[in-house]
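**Q** Sharing a structure below in structure tokens format, with a few things to ask.
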Amino acid sequence: DGSLQTEKVVRNGSATGKNARAMTQRELDIEKMRRDEAAKIVVAKAEDMIKIIGKDGREVPKKNQIIQDKEKKKDEKYEEIYTSMSKSEIDSIVAGCEQDKKRGNEAFSAGEYGQAILHYTLVLDKAEELPDKGETGDGQLFPRHIIFSNRSAAFLKLGAHEKALDDGIKAEKLNPTYVKGVFRKGLALHAMGRYQEAIQALAAANKVEPKNKQIKQALQFAEVRMTQETRKRMNS
């Protein structure tokens with residue numbers, strides 16, 4: 001608008017000698033940003049140049065390189081999977097699995113445990129069509145461990161403890177960090193009177209979720225039954 005703007009001088013120069021000049025706060029901020037960027041570039045170049053040698057005399061991979069390598073392997077793995085089946089085919093199978101999983105959960109909530117088992121079994125049958133054989137954890141195109149865990153819970157409700165244990169073991173094998181699978185394995189072992197093994201499984205679940213009251217109570221109950229059984233043997 002043609003008006004004159006003034007800025008307060010906050011420092012007498014960015015350099016010394018004949019190059020010295022007065023600087024405003026805005027100019028100081030710009031100068032600081034330039035220095036920070038320059039420092040980042042120097043650090044990045046230094047990291048690329050520095051080699052860390054391990055005790056075996058070999059170069060230790062840098063953290064960024066390790067992450068990049070993992071991502072590359074992950075991408076290559078999924079590329080390999082998708083070459084055997086189109087993405088649309090995989091999405092269709094996964095959608096079918098999700099649908100039957102939902103029906104199984106609804107049946108379980110309604111107390112129709114036999115129907116729940118039927119739907120969970122259909123999910124697992126459909127998931128077998130997916131080209132990710134041998135994958136575990138997040139590598140699965142559909143989380144089978146959740147279905148095995150859910151079916152284990154349904155078997156427990158019907159008193160089919162051996163089948164519940166089998167599904168609990170499968171769930172844990174597919175994803176050891178999925179606490180519900182480990183928990184249901186422990187419940188099945190407890191129901192079968194295998195208290196020592198139940199305590200081990202429930203303790204593992206409790207370690208993952210120490211604030212879970214249901215797991216803690218089941219562990220305490222198993223420990224009580226174990227103590228009772230030990231006393232019976234000693235007194236017999």
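Ordering of the structure tokens sets the chain letters (A, B, ...), residue numbers begin anew at 1 in every chain, and ligands are numbered from 1 in the order given.
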Residues near range 187-200 of chain A, anyone? I mean within 9 Å using only C-alpha atoms, not counting same-chain ones fewer than 5 positions away, as a ChimeraX atom specification.
**A** /A:152,156,159-166,168,182,205,218-220,222-223,225-226,229
**Q** Output C-alpha atoms of each residue in that selection to a file, as an mmCIF file, in the first residue's frame.
**A**
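Just written: again_13.cif:
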```
data_model
loop_
_atom_site.group_PDB
_atom_site.id
_atom_site.type_symbol
_atom_site.label_atom_id
_atom_site.label_comp_id
_atom_site.auth_asym_id
_atom_site.auth_seq_id
_atom_site.Cartn_x
_atom_site.Cartn_y
_atom_site.Cartn_z
ATOM 1 C CA SER A 152 -11.462 -72.184 20.851
ATOM 2 C CA LEU A 156 -14.839 -74.238 25.624
ATOM 3 C CA GLY A 159 -17.126 -78.507 26.902
ATOM 4 C CA ALA A 160 -15.011 -79.720 23.976
ATOM 5 C CA HIS A 161 -11.791 -79.033 25.839
ATOM 6 C CA GLU A 162 -9.371 -80.964 23.636
ATOM 7 C CA LYS A 163 -10.584 -79.164 20.509
ATOM 8 C CA ALA A 164 -10.428 -75.870 22.382
ATOM 9 C CA LEU A 165 -6.832 -76.624 23.348
ATOM 10 C CA ASP A 166 -5.928 -77.534 19.774
ATOM 11 C CA GLY A 168 -5.617 -72.288 21.257
ATOM 12 C CA VAL A 182 -2.771 -67.965 24.819
ATOM 13 C CA ALA A 205 -0.902 -64.227 29.013
ATOM 14 C CA ALA A 218 -7.893 -67.550 36.012
ATOM 15 C CA LEU A 219 -4.199 -67.761 36.910
ATOM 16 C CA GLN A 220 -4.934 -67.540 40.635
ATOM 17 C CA ALA A 222 -5.274 -72.544 38.483
ATOM 18 C CA GLU A 223 -2.624 -72.029 41.179
ATOM 19 C CA ARG A 225 -6.212 -76.067 42.081
ATOM 20 C CA MET A 226 -2.587 -77.005 41.577
ATOM 21 C CA GLU A 229 -3.942 -81.497 43.759
#
```
**Q** CA of Ile93 in chain A and CA of Lys133 in chain A, how far apart in Å?
**A**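 One can read the CA of Lys133 in chain A to CA of Ile93 in chain A distance as 14.5 Å.
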**Q** A:Asn212, A:Asn150, A:Thr230, A:Gln140: which is nearest Ile117 in chain A, counting only C-alpha atoms?
**A**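 The answer is A:Asn150, which sits nearest to Ile117 in chain A.
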**Q** When distances are computed from only C-alpha atoms, which of A:Arg144, A:Lys126, A:Lys211, A:Lys157 shows the smallest separation from Glu112 in chain A?
**A**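 Looking at the shortest contact to Glu112 in chain A, the residue is A:Lys157.
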